[in-house]
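Undergrad: A single structure is presented below for examination.
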Amino acid sequence: MAVTAWGDPGADPLVCVHGLSRNGRDFDELARALSDRFFVLCPDLPGRGQSEWLDDPALYQPLTYVLALAHLLAWVDRPVLWVGTSLGGICGMLAASAAGNPLRRLVLNDIGPHVPKAALQRIVEYVGALPDFAGLGEAEAYLRRVHAPFGRLTDAQWRHMAETSTRPLPGGRLALHYDPAMTKPLLAAPVEDTDMWRFWDKITIPMLVLRGAESDVLPAETADRMRPRAEVHEVPDCGHAPALMDAPTIAVIRRFLEAA
C-alpha cells in the first residue's frame, strides 16, 4: 500500500483516507496546510493510485481496506487522528468502533452511518463506466463534470486532480487511476441502503462531520441524527463530497484536530 507522507515524523500522526474511486493525492492541499503541526499520512487504498491491485476482485470490500489500514496503524504504533472522505470515512467508523483502536479523533467528510440507495446507485454508475481519455485535457473535463459536487475548485486544482487521477494505457491513452476490477463487487450485487448505526453506536471518540450542503450521500436528517455525539459542519456550495481544498474548511478541520 503506497502512502504519501507530509511533515515531521515526530509530530502527531494524522491519517487521511480517500473515497471509493479516488487516491491519497486528493489530500495534497489539506496535508500541505496541516503538515506544520501533524505528520500527515495519505494512503492509496488497495487497487488505487500507486498501491498494488488485488488478485481477487471480490476482496475489494471495506473490511479488506480496514485490514490494510490496520497494517499502517501498526507501523505508526501511536495514537492517530483520522480524516476520511466517503469510503475513507466508512473505514474510519469501522476502525473507531473496534475495541482497543488507536484513533483519538475522527473527521467524517460527507459520510454517515446511513447512505441512501439512490446515492449509492449514482456512484456505482459513474465508477463502473471505466472511461479512457485521449489526454489530460479530456480527463480534466470528465472529472470536472463527474465531480462537480466537490465544490468550486480552481483551474489549477482541477488540473492537479487530472494529473494525479490518471494512469497511462498502452497506445498513449489515459485511464482513471484504479483497478477496473474494483468495480466488479459493486456491479455484482443489488444496491441497497447502507446501515452502519451499530458501528456508530460503539464509537466513543470526538467526531467532526463535514456535510456538503447539497449532498445526497449524507442527507440532512442523517447528519441531524449524528448530533450531539458529533459536531456537524455544513460546507456550502458543494455536494458529495467537499474537496477539502478551501481555506475555511481546512481551518475547521485544523481547529477540531488541534483540540486533541
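Identifiers for the C-alpha cells are assigned positionally: chains receive A, B, ... in sequence, residues are indexed from 1 per chain, and ligands are indexed from 1 in the order shown.
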As a list of chain:residue names, please: the residues near Lys117 in chain A (cut-off 8 Å, only C-alpha atoms, same-chain neighbours under 5 positions excluded).

TA: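 Within the cut-off, the hits are A:Val191, A:Glu192, A:Asp193, A:Thr194.
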
Undergrad: So that I can see what lies close to Leu87 in chain A, please list as a PyMOL selection string the residues with an atom at most 6 Å from it, counting only C-alpha atoms and leaving out residues fewer than 3 positions away in the same chain.

TA: chain A and resi 19-20+90

Undergrad: Find, counting only C-alpha atoms, the residue in A:Met245, A:Pro190, A:Ile203, A:Val3 that gets nearest to Thr154 in chain A.

TA: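 Between A:Met245, A:Pro190, A:Ile203, A:Val3, the residue approaching Thr154 in chain A most closely is A:Met245.
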
Undergrad: Using only C-alpha atoms, can you tell me which of A:Pro149, A:Pro168, A:Pro113, A:Gly100 comes closest to Ala243 in chain A?

TA: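 Among the listed residues, the smallest separation from Ala243 in chain A belongs to A:Pro149.
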
Undergrad: Please identify all polymer residues within 12 Å of range 52-58 of chain A, counting only C-alpha atoms, omitting same-chain residues fewer than 4 positions from it, and present them as a list in words.

TA: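 Returned residues: Met1, Ala2, Val3, Pro43, Asp44, Leu45, Pro46, Gly47, Arg48, Pro62, Leu63, Thr64, Tyr65, Ala68, His177, Tyr178, Asp179, Pro180, Ala181, Met182, Thr183, Lys184, Pro185, Leu186, Leu187, Ala188 and Ala189 of chain A.
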
Undergrad: As a VMD selection string, please: the residues near Arg144 in chain A (cut-off 7 Å, only C-alpha atoms, same-chain neighbours under 4 positions excluded).

TA: chain A and resid 140 148 158

Undergrad: Those residues with N, CA and C atoms, as a PDB file, in the first residue's frame please?

TA:
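Result file is part-v6.pdb:
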ATOM      1  N   GLU A 140      -9.488  15.920 -17.556  1.00  0.00           N
ATOM      2  CA  GLU A 140      -9.898  17.009 -16.672  1.00  0.00           C
ATOM      3  C   GLU A 140     -11.353  17.396 -16.922  1.00  0.00           C
ATOM      4  N   ALA A 148     -18.287  17.518 -10.113  1.00  0.00           N
ATOM      5  CA  ALA A 148     -18.764  18.882  -9.865  1.00  0.00           C
ATOM      6  C   ALA A 148     -19.243  19.074  -8.430  1.00  0.00           C
ATOM      7  N   TRP A 158      -8.255  21.583 -10.443  1.00  0.00           N
ATOM      8  CA  TRP A 158      -8.795  20.572 -11.366  1.00  0.00           C
ATOM      9  C   TRP A 158      -7.681  19.921 -12.176  1.00  0.00           C
TER      10      TRP A 158
END

Undergrad: With a distance cut-off of 12 Å and only C-alpha atoms, select the neighbouring residues of Ala33 in chain A, excluding the residue or stretch itself and same-chain residues fewer than 5 positions from it, and output the selection as a list in words.

TA: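 The contact residues come out as Trp6, Gly7, Phe27, Asp28, Phe38, Phe39, Val40, Leu244, Met245, Asp246, Ala247, Pro248, Thr249, Ile250, Ala251, Ile253 and Arg254 of chain A.
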
Undergrad: So the first atom is CA of Arg159 in chain A and the second is CA of Leu210 in chain A; what is the distance between them in Å, to one decimal place?

TA: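 Those two atoms sit 24.5 Å apart.
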
Undergrad: In range 108-180 of chain A, what's strand (DSSP E) per DSSP? Answer as number ranges by chain?

TA: A: 108-109, 114-115, 132-133, 166-168, 174-176

Undergrad: Taking into account only C-alpha atoms, which residue in the set A:Gly112, A:Gly92, A:Gly172, A:Gly239 is nearest to Met196 in chain A?

TA: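 Nearest to Met196 in chain A: A:Gly112.
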
Undergrad: Any idea what's packed within 6 Å of Val235 in chain A, counting only C-alpha atoms, ignoring anything in its chain fewer than 2 positions away? Could you give it as a ChimeraX atom specification?

TA: /A:211-213

Undergrad: Hey, can you spit out that residue selection with C-alpha atoms as a PDB file, in the first residue's frame?

TA:
ATOM      1  CA  ARG A 211     -21.583  17.717   5.177  1.00  0.00           C
ATOM      2  CA  GLY A 212     -21.800  19.101   1.664  1.00  0.00           C
ATOM      3  CA  ALA A 213     -24.833  21.384   1.719  1.00  0.00           C
TER       4      ALA A 213
END
